$ cat coords_0.txt   # compact mmCIF, C-alpha atoms
# COMPACT_ATOMS: atom_id res chain seq x y z
CA MET A 12 34.41 11.94 22.47
CA SER A 13 34.87 15.46 23.68
CA GLU A 14 34.70 16.29 27.39
CA GLU A 15 32.50 19.29 26.64
CA ALA A 16 30.18 17.19 24.53
CA GLY A 17 27.37 17.89 26.99
CA VAL A 18 26.87 21.35 25.58
CA HIS A 19 25.63 19.86 22.34
CA GLU A 20 22.51 18.67 24.02
CA HIS A 21 20.82 17.75 20.77
CA ASN A 22 23.64 15.67 19.44
CA ARG A 23 23.37 12.14 20.68
CA PHE A 24 26.49 11.04 18.85
CA GLU A 25 28.65 13.37 20.84
CA VAL A 26 26.84 13.10 24.15
CA GLY A 27 27.99 9.55 24.56
CA LEU A 28 27.45 6.12 23.16
CA GLU A 29 25.37 4.94 26.09
CA HIS A 30 22.62 7.26 24.89
CA ALA A 31 23.02 6.79 21.17
CA ASP A 32 22.93 3.65 19.16
CA TYR A 33 22.39 4.65 15.58
CA ASN A 34 22.73 1.12 14.20
CA GLY A 35 20.55 -0.32 16.94
CA ASP A 36 17.84 2.28 16.29
CA LYS A 37 17.86 1.50 12.62
CA PHE A 38 17.91 -2.26 13.09
CA GLY A 39 14.96 -2.03 15.46
CA MET A 40 12.99 -0.19 12.79
CA TRP A 41 13.88 -2.85 10.24
CA LEU A 42 12.58 -5.55 12.57
CA PHE A 43 9.28 -3.68 12.65
CA VAL A 44 9.37 -3.42 8.85
CA PHE A 45 9.74 -7.21 8.65
CA THR A 46 6.60 -7.70 10.77
CA GLU A 47 4.76 -5.38 8.39
CA LEU A 48 5.84 -7.50 5.44
CA ILE A 49 4.51 -10.60 7.16
CA LEU A 50 1.24 -8.86 8.07
CA PHE A 51 0.50 -7.79 4.49
CA GLY A 52 2.21 -10.83 2.96
CA GLY A 53 -0.36 -13.12 4.54
CA MET A 54 -3.22 -11.13 3.04
CA PHE A 55 -1.61 -11.06 -0.41
CA PHE A 56 -1.17 -14.76 -0.06
CA ALA A 57 -4.88 -15.26 0.63
CA PHE A 58 -5.66 -13.18 -2.44
CA PHE A 59 -3.37 -15.19 -4.71
CA VAL A 60 -4.67 -18.53 -3.50
CA TYR A 61 -8.34 -17.55 -3.90
CA SER A 62 -7.59 -16.01 -7.26
CA LYS A 63 -5.66 -18.93 -8.68
CA THR A 64 -7.53 -21.88 -7.24
CA MET A 65 -11.19 -20.93 -6.91
CA TYR A 66 -12.44 -17.55 -8.01
CA GLY A 67 -10.24 -16.49 -10.91
CA ALA A 68 -13.08 -15.42 -13.20
CA GLU A 69 -15.02 -13.70 -10.42
CA PHE A 70 -11.96 -11.80 -9.16
CA HIS A 71 -11.30 -10.79 -12.73
CA GLU A 72 -14.81 -9.43 -13.07
CA ALA A 73 -14.91 -7.76 -9.66
CA GLY A 74 -11.56 -6.06 -10.27
CA SER A 75 -12.91 -4.41 -13.40
CA HIS A 76 -15.30 -2.35 -11.23
CA LEU A 77 -12.45 -0.59 -9.45
CA ASN A 78 -11.52 2.83 -10.73
CA LEU A 79 -8.17 2.53 -12.48
CA PHE A 80 -7.89 6.28 -12.75
CA MET A 81 -8.18 6.79 -8.99
CA GLY A 82 -5.89 3.85 -8.21
CA GLY A 83 -3.28 4.99 -10.71
CA GLY A 84 -3.51 8.56 -9.48
CA ASN A 85 -2.94 7.40 -5.93
CA THR A 86 0.09 5.42 -7.12
CA ILE A 87 1.65 8.62 -8.45
CA VAL A 88 0.71 10.50 -5.27
CA LEU A 89 2.35 7.90 -3.00
CA LEU A 90 5.49 7.53 -5.14
CA THR A 91 5.89 11.30 -5.10
CA SER A 92 5.35 11.43 -1.35
CA SER A 93 8.21 8.94 -1.01
CA LEU A 94 10.37 11.32 -3.03
CA THR A 95 9.51 14.32 -0.85
CA MET A 96 10.23 12.17 2.21
CA VAL A 97 13.80 11.36 1.08
CA PHE A 98 14.24 15.02 0.06
CA GLY A 99 13.38 15.91 3.65
CA ILE A 100 16.12 13.58 4.90
CA THR A 101 18.69 14.89 2.40
CA ALA A 102 17.81 18.47 3.39
CA ILE A 103 18.29 17.80 7.12
CA GLN A 104 21.59 16.03 6.38
CA TYR A 105 22.76 19.24 4.71
CA GLY A 106 21.57 21.13 7.79
CA LYS A 107 18.71 22.88 5.97
CA LYS A 108 16.09 22.80 8.71
CA TYR A 109 13.30 24.79 7.06
CA LEU A 110 13.78 23.17 3.68
CA SER A 111 13.51 19.79 5.39
CA MET A 112 10.30 20.89 7.12
CA PHE A 113 8.93 22.03 3.77
CA TRP A 114 9.47 18.57 2.28
CA ILE A 115 7.91 16.88 5.31
CA ILE A 116 4.85 19.13 5.03
CA LEU A 117 4.56 18.21 1.34
CA THR A 118 4.76 14.52 2.28
CA ILE A 119 1.91 15.02 4.76
CA LEU A 120 -0.16 16.81 2.11
CA PHE A 121 0.37 13.95 -0.33
CA ALA A 122 -0.67 11.47 2.36
CA LEU A 123 -3.87 13.44 2.92
CA THR A 124 -4.48 13.60 -0.84
CA PHE A 125 -4.21 9.83 -0.94
CA MET A 126 -6.81 9.53 1.81
CA VAL A 127 -9.22 11.95 0.10
CA VAL A 128 -9.07 9.87 -3.10
CA LYS A 129 -9.60 6.74 -1.00
CA TYR A 130 -12.62 8.39 0.61
CA TYR A 131 -14.23 8.99 -2.78
CA GLU A 132 -13.33 5.52 -3.99
CA TRP A 133 -14.87 3.81 -0.98
CA GLY A 134 -17.82 6.19 -1.05
CA TYR A 135 -18.48 5.19 -4.64
CA LYS A 136 -18.48 1.52 -3.63
CA PHE A 137 -20.84 2.20 -0.69
CA LYS A 138 -23.20 3.98 -3.05
CA HIS A 139 -23.37 0.77 -5.04
CA HIS A 140 -24.08 -1.15 -1.86
CA VAL A 141 -20.71 -2.81 -1.70
CA PHE A 142 -19.69 -2.68 1.93
CA PRO A 143 -16.83 -3.91 4.05
CA ALA A 144 -17.23 -5.38 7.52
CA LYS A 145 -19.58 -7.85 9.04
CA ILE A 146 -22.86 -8.25 7.28
CA THR A 147 -25.05 -8.31 10.41
CA MET A 148 -23.53 -5.01 11.51
CA LEU A 149 -24.29 -3.49 8.14
CA GLU A 150 -27.86 -4.61 8.28
CA LYS A 151 -28.21 -2.84 11.61
CA SER A 152 -26.55 0.37 10.47
CA PHE A 153 -27.75 0.59 6.89
CA GLY A 154 -30.73 -1.72 6.91
CA VAL A 155 -29.45 -3.49 3.87
CA SER A 156 -26.51 -5.26 2.39
CA ASP A 157 -26.11 -6.70 -1.05
CA LEU A 158 -23.41 -8.95 0.25
CA LYS A 159 -25.85 -10.77 2.53
CA THR A 160 -26.17 -13.87 0.45
CA PRO A 161 -23.86 -15.22 -2.16
CA TYR A 162 -26.02 -15.73 -5.23
CA ASP A 163 -23.90 -18.52 -6.68
CA LYS A 164 -26.83 -20.90 -7.19
CA GLU A 165 -29.00 -18.27 -8.94
CA PHE A 166 -26.04 -17.25 -11.05
CA LYS A 167 -25.46 -20.79 -12.28
CA GLU A 168 -29.12 -21.25 -13.08
CA SER A 169 -29.43 -17.90 -14.85
CA GLY A 170 -27.12 -18.77 -17.73
CA MET A 171 -26.05 -15.12 -17.86
CA SER A 172 -22.54 -13.71 -17.85
CA LEU A 173 -21.43 -12.44 -14.45
CA LYS A 174 -21.67 -8.86 -15.65
CA GLU A 175 -25.25 -9.31 -16.88
CA PHE A 176 -26.12 -11.11 -13.66
CA ASN A 177 -24.76 -8.27 -11.51
CA ALA A 178 -26.67 -5.77 -13.61
CA VAL A 179 -30.11 -7.26 -12.90
CA PRO A 180 -31.47 -5.36 -9.90
CA VAL A 181 -33.08 -7.25 -7.03
CA ASN A 182 -35.20 -6.14 -4.08
CA ALA A 183 -34.33 -6.52 -0.42
CA ALA A 184 -35.72 -10.06 -0.43
CA GLY A 185 -33.36 -11.01 -3.24
CA GLU A 186 -36.04 -11.32 -5.92
CA ALA A 187 -34.94 -10.24 -9.37
CA ALA A 188 -36.81 -7.50 -11.19
CA PRO A 189 -39.18 -8.90 -13.81
CA GLU A 190 -37.78 -8.96 -17.31
CA GLY A 191 -38.59 -6.01 -19.51
CA MET A 192 -38.99 -3.57 -16.61
CA SER A 193 -37.08 -0.36 -17.22
CA ALA A 194 -34.21 0.49 -14.87
CA ASP A 195 -36.01 3.54 -13.46
CA ASP A 196 -39.21 1.57 -12.87
CA ALA A 197 -37.30 -1.20 -11.16
CA HIS A 198 -35.54 1.31 -8.94
CA ASP A 199 -38.84 2.92 -7.90
CA LYS A 200 -40.34 -0.45 -7.04
CA GLY A 201 -37.54 -1.31 -4.62
CA TYR A 202 -35.29 -3.29 -6.92
CA THR A 203 -32.27 -1.30 -5.87
CA HIS A 204 -29.62 -3.91 -5.15
CA SER A 205 -27.20 -6.05 -7.07
CA ARG A 206 -26.47 -9.72 -6.67
CA TYR A 207 -22.94 -10.89 -6.09
CA THR A 208 -21.40 -14.32 -6.04
CA ARG A 209 -19.20 -15.70 -3.28
CA GLY A 210 -16.00 -15.01 -5.25
CA GLN A 211 -16.96 -11.37 -5.72
CA ILE A 212 -17.79 -11.02 -2.05
CA ILE A 213 -14.40 -12.46 -1.11
CA PHE A 214 -12.71 -10.12 -3.59
CA TYR A 215 -14.34 -7.07 -2.03
CA GLY A 216 -13.72 -8.42 1.47
CA LEU A 217 -10.01 -8.61 0.70
CA TYR A 218 -10.14 -5.28 -1.10
CA PHE A 219 -11.64 -3.46 1.88
CA ALA A 220 -9.48 -5.28 4.43
CA MET A 221 -6.22 -4.67 2.60
CA THR A 222 -6.76 -1.14 1.34
CA GLY A 223 -8.33 -0.35 4.72
CA LEU A 224 -5.32 -1.58 6.65
CA HIS A 225 -3.06 0.24 4.20
CA GLY A 226 -5.12 3.42 4.59
CA PHE A 227 -4.79 3.10 8.35
CA HIS A 228 -1.02 2.99 7.87
CA VAL A 229 -1.20 6.15 5.77
CA LEU A 230 -3.15 7.93 8.53
CA LEU A 231 -0.65 6.72 11.11
CA GLY A 232 2.08 8.02 8.78
CA VAL A 233 0.49 11.48 8.92
CA VAL A 234 0.62 11.37 12.72
CA VAL A 235 4.29 10.34 12.93
CA LEU A 236 5.23 12.82 10.18
CA LEU A 237 3.60 15.60 12.21
CA TRP A 238 5.68 14.43 15.16
CA VAL A 239 8.85 14.55 13.02
CA LEU A 240 7.86 18.03 11.87
CA SER A 241 7.59 19.22 15.45
CA LEU A 242 10.91 17.59 16.44
CA THR A 243 12.64 19.23 13.49
CA TYR A 244 11.15 22.60 14.36
CA ARG A 245 12.41 22.26 17.95
CA ASN A 246 15.91 21.25 16.76
CA LYS A 247 15.54 17.74 18.13
CA ILE A 248 16.24 16.42 14.66
CA VAL A 249 19.40 18.04 13.31
CA SER A 250 22.04 17.41 10.66
CA ASN A 251 24.03 15.00 12.80
CA ASP A 252 21.13 13.34 14.62
CA PHE A 253 18.26 12.52 12.29
CA ILE A 254 17.67 8.82 13.00
CA ILE A 255 14.03 9.49 13.96
CA MET A 256 13.36 11.12 10.61
CA GLU A 257 15.22 8.31 8.84
CA ASN A 258 13.17 5.64 10.64
CA VAL A 259 9.89 7.41 9.96
CA GLY A 260 11.10 7.57 6.37
CA LEU A 261 11.58 3.80 6.39
CA TYR A 262 8.01 3.40 7.65
CA TRP A 263 6.70 5.73 4.97
CA HIS A 264 8.51 3.81 2.22
CA VAL A 265 7.01 0.55 3.47
CA VAL A 266 3.56 2.14 3.07
CA ASP A 267 4.57 3.04 -0.49
CA LEU A 268 6.02 -0.41 -1.07
CA ILE A 269 2.77 -2.12 -0.04
CA TRP A 270 0.78 0.08 -2.40
CA ILE A 271 3.19 -0.83 -5.23
CA TYR A 272 1.87 -4.39 -4.87
CA LEU A 273 -1.73 -3.54 -3.93
CA PHE A 274 -2.30 -1.49 -7.06
CA PRO A 275 -1.60 -4.13 -9.73
CA VAL A 276 -3.17 -6.90 -7.66
CA PHE A 277 -6.55 -5.22 -7.19
CA TYR A 278 -6.88 -2.72 -10.00
CA LEU A 279 -5.24 -4.65 -12.81
CA VAL A 280 -6.37 -8.25 -12.24
CA SER A 281 -9.04 -7.58 -14.83
CA MET B 19 29.19 17.74 10.45
CA SER B 20 31.60 15.17 11.73
CA HIS B 21 30.41 11.99 13.26
CA GLY B 22 33.63 11.20 14.98
CA HIS B 23 33.26 7.45 14.55
CA ASP B 24 32.14 4.77 12.19
CA ASP B 25 28.59 6.04 11.69
CA GLU B 26 29.61 7.65 8.45
CA VAL B 27 26.53 8.99 6.73
CA HIS B 28 26.12 8.77 2.99
CA ILE B 29 24.08 11.67 1.69
CA VAL B 30 22.11 10.81 -1.42
CA SER B 31 21.69 13.78 -3.75
CA TYR B 32 18.33 15.25 -4.81
CA ALA B 33 19.22 14.40 -8.40
CA SER B 34 19.68 10.68 -7.88
CA HIS B 35 16.48 10.48 -5.80
CA THR B 36 14.65 12.24 -8.62
CA LEU B 37 16.02 9.75 -11.15
CA VAL B 38 14.76 6.83 -9.04
CA TRP B 39 11.35 8.52 -8.79
CA LEU B 40 11.20 8.95 -12.58
CA GLY B 41 12.09 5.28 -12.99
CA LEU B 42 9.28 4.33 -10.60
CA LEU B 43 6.76 6.42 -12.51
CA MET B 44 7.78 4.86 -15.82
CA LEU B 45 7.50 1.36 -14.37
CA SER B 46 4.02 2.22 -13.06
CA GLY B 47 3.04 3.23 -16.59
CA LEU B 48 4.51 -0.01 -17.84
CA THR B 49 2.42 -1.98 -15.31
CA VAL B 50 -0.79 -0.39 -16.60
CA ALA B 51 0.25 -0.91 -20.23
CA ALA B 52 1.18 -4.55 -19.63
CA ALA B 53 -2.17 -5.19 -17.96
CA GLY B 54 -3.88 -4.07 -21.17
CA ILE B 55 -2.32 -6.93 -23.12
CA ASN B 56 -4.00 -10.26 -22.55
CA LEU B 57 -1.32 -12.77 -21.61
CA GLY B 58 -3.64 -15.08 -19.72
CA ASP B 59 -2.07 -16.44 -16.57
CA LEU B 60 1.14 -14.58 -17.32
CA ASN B 61 -0.49 -11.19 -16.65
CA LEU B 62 -0.30 -11.55 -12.89
CA LEU B 63 3.28 -12.79 -13.11
CA VAL B 64 4.34 -9.84 -15.30
CA ALA B 65 2.61 -7.40 -12.92
CA MET B 66 4.37 -8.98 -9.93
CA VAL B 67 7.78 -8.89 -11.65
CA ILE B 68 7.41 -5.18 -12.45
CA ALA B 69 6.16 -4.50 -8.91
CA THR B 70 9.20 -6.32 -7.54
CA ILE B 71 11.56 -4.23 -9.67
CA LYS B 72 9.82 -1.11 -8.35
CA GLY B 73 10.00 -2.46 -4.81
CA SER B 74 13.71 -3.16 -5.19
CA LEU B 75 14.29 0.43 -6.31
CA VAL B 76 12.40 1.73 -3.29
CA VAL B 77 14.28 -0.56 -0.90
CA ALA B 78 17.72 0.05 -2.43
CA TYR B 79 17.57 3.83 -2.88
CA PHE B 80 14.70 5.39 -0.92
CA MET B 81 15.20 3.05 2.03
CA HIS B 82 18.92 3.54 1.66
CA VAL B 83 19.78 -0.17 1.80
CA LYS B 84 22.33 0.18 -1.00
CA TYR B 85 24.44 2.32 1.31
CA GLU B 86 24.01 0.29 4.50
CA LYS B 87 26.62 -1.95 6.06
CA PRO B 88 26.82 -5.55 4.75
CA GLY B 89 25.45 -6.87 8.05
CA LEU B 90 22.11 -5.09 7.78
CA GLN B 91 22.00 -5.70 4.02
CA SER B 92 22.33 -9.44 4.44
CA ILE B 93 19.67 -9.58 7.17
CA ILE B 94 17.22 -7.75 4.90
CA LEU B 95 18.10 -9.99 1.98
CA ILE B 96 17.63 -13.14 4.05
CA VAL B 97 14.15 -12.00 5.17
CA ILE B 98 13.07 -11.20 1.61
CA VAL B 99 14.44 -14.46 0.20
CA PHE B 100 12.77 -16.39 3.02
CA MET B 101 9.39 -14.80 2.30
CA PHE B 102 9.83 -15.48 -1.40
CA VAL B 103 10.61 -19.15 -0.73
CA VAL B 104 7.56 -19.54 1.53
CA PHE B 105 5.33 -17.99 -1.16
CA CYS B 106 6.82 -20.19 -3.88
CA GLU B 107 6.43 -23.37 -1.86
CA ALA B 108 2.76 -22.66 -1.34
CA PHE B 109 2.24 -21.77 -5.00
CA VAL B 110 3.80 -25.04 -6.04
CA ASP B 111 1.41 -26.76 -3.65
CA PHE B 112 -1.74 -24.99 -4.86
CA GLY B 113 -0.61 -25.01 -8.47
CA THR B 114 -0.31 -28.78 -8.62
CA ARG B 115 -3.59 -29.80 -7.03

$ encode --input "coords_0.txt" --output "structure tokens"
Amino acid sequence: MSEEAGVHEHNRFEVGLEHADYNGDKFGMWLFVFTELILFGGMFFAFFVYSKTMYGAEFHEAGSHLNLFMGGGNTIVLLTSSLTMVFGITAIQYGKKYLSMFWIILTILFALTFMVVKYYEWGYKFKHHVFPAKITMLEKSFGVSDLKTPYDKEFKESGMSLKEFNAVPVNAAGEAAPEGMSADDAHDKGYTHSRYTRGQIIFYGLYFAMTGLHGFHVLLGVVVLLWVLSLTYRNKIVSNDFIIMENVGLYWHVVDLIWIYLFPVFYLVS
Amino acid sequence: MSHGHDDEVHIVSYASHTLVWLGLLMLSGLTVAAAGINLGDLNLLVAMVIATIKGSLVVAYFMHVKYEKPGLQSIILIVIVFMFVVFCEAFVDFGTR
């Protein structure tokens, strides 16, 4: 340690060990990463158990309504954002401040792209009256929810396939449109909803909870990446002190990692 | 760019990161392709195996674990193995009811 180390005010390694603990900083971040794995692991676990023990066929059917194109596109977006993130770290390690900032900005743009796609995906589901959250709340805010009642009994009695059953529109009271009525007619007479079974409701509950929590992590990622951007700009993250960027990178890769599992589980179960 | 002590930093090149990224994209394609083939119960297993290979690539290269000290590496490994064991135990339970 140099006596004049104080002049390098941005370099924690040279200022003194009492202020810099590179390994400790990194280990702390990993501990947080472990809690994230447990948080999402529990939800994946719930999905697997429901899927394998009770609602296999219904999960299968419900998953086929998700847009593979949007999900796959978002997979590419997130994987690429992970690449730009590590490019940002490599750039700062080489001391290329503005190049590093460029990669971080790209990462943020990819994160926002992901959220825009998510917005359309969820919007599409809302349009078809598939909502997250508590049913009573939805009734208050939207006046209606198709997920109010599981129609398991009606489904069993109908003798239809699940797809056919979902396709028969019902009115707010849950009465099916009379047979032979055209789709437009049925829509005009208030038969505007679909009937879902308990397994499908659980599938969408998990879908909204898990992709919602993941989306929240993406948004949080945008916030911390903006923070990293500002630190880099102000020379607080430099070529020999970049642990904050590295740790934010770890966080961002966890977000990517979770999506790597979310995508096949929800979009490809069908 | 000296560190002066044992915090030696390993800089991973743009090229090797790009290779990992290409591998991840190809595996994603493989996931979608594999889902198109009906393997019954095996479909989910195949999807999870591919996802785990992808995850390992992300952890090893993007998260830099391949270049960490053995101490941190073993802690990470223990956590992952532990989670895997807990999942497997429960699957054995639910699978045999």

$ atom_distance --input "coords_0.txt" --atom1 "CA of Phe56 (chain A)" --atom2 "CA of Leu230 (chain A)"
24.3 Å

$ residues_around --input "coords_0.txt" --residues "region 268-277 of chain A" --least-positions-apart "6" --cutoff "10 Å" --atoms "only C-alpha atoms" --output "MDAnalysis selection string"
(chainID A and resid 47:48 51:52 55 58:59 70:71 73:75 77 79 82:83 85:86 89:90 93 214:215 217:218 221:222 225:226 262) or (chainID B and resid 42 46 49:50 53 61:62 64:66 68:70 72:77)

$ closest_residue --input "coords_0.txt" --among "A:Lys108, A:Tyr61, A:Asn78, A:Ile87" --to "Gly41 (chain B)" --atoms "all atoms listed in the file"
A:Ile87

$ closest_residue --input "coords_0.txt" --among "B:Met81, B:Val99, B:Val104, B:Leu63" --to "chain A" --atoms "all atoms listed in the file"
B:Met81

$ closest_residue --input "coords_0.txt" --among "A:Leu173, A:Leu123, A:Ile115, A:Ala188" --to "Thr243 (chain A)" --atoms "only C-alpha atoms"
A:Ile115

$ closest_residue --input "coords_0.txt" --among "A:Val234, A:Leu94, A:Ile254, A:Leu50" --to "chain B" --atoms "only C-alpha atoms"
A:Leu94

$ closest_residue --input "coords_0.txt" --among "A:Gln211, A:Ser205, A:Ser111, A:Asn177" --to "Met65 (chain A)" --atoms "only C-alpha atoms"
A:Gln211

$ closest_residue --input "coords_0.txt" --among "A:Thr95, A:Ile103, A:Leu110, A:Gly170" --to "Ile255 (chain A)" --atoms "all atoms listed in the file"
A:Ile103

$ atom_distance --input "coords_0.txt" --atom1 "CA of Asp59 (chain B)" --atom2 "CA of Thr208 (chain A)"
22.1 Å

$ residues_around --input "coords_0.txt" --residues "region 189-194 of chain A" --least-positions-apart "4" --cutoff "12 Å" --atoms "all atoms listed in the file" --output "MDAnalysis selection string"
chainID A and resid 178:182 198:204

$ atom_distance --input "coords_0.txt" --atom1 "CA of Asn251 (chain A)" --atom2 "CA of Asp32 (chain A)"
13.1 Å

$ residues_around --input "coords_0.txt" --residues "Asn34 (chain A)" --least-positions-apart "2" --cutoff "10 Å" --atoms "only C-alpha atoms" --output "PyMOL selection string"
(chain A and resi 31-32+36-40+254) or (chain B and resi 25+86-87+90)

$ axis_aligned_box --input "coords_0.txt" --around "region 64-74 of chain A" --padding-each-side "4 Å" --output "AutoDock Vina command-line options"
--center_x -11.3 --center_y -14.0 --center_z -10.1 --size_x 15.5 --size_y 23.8 --size_z 14.3
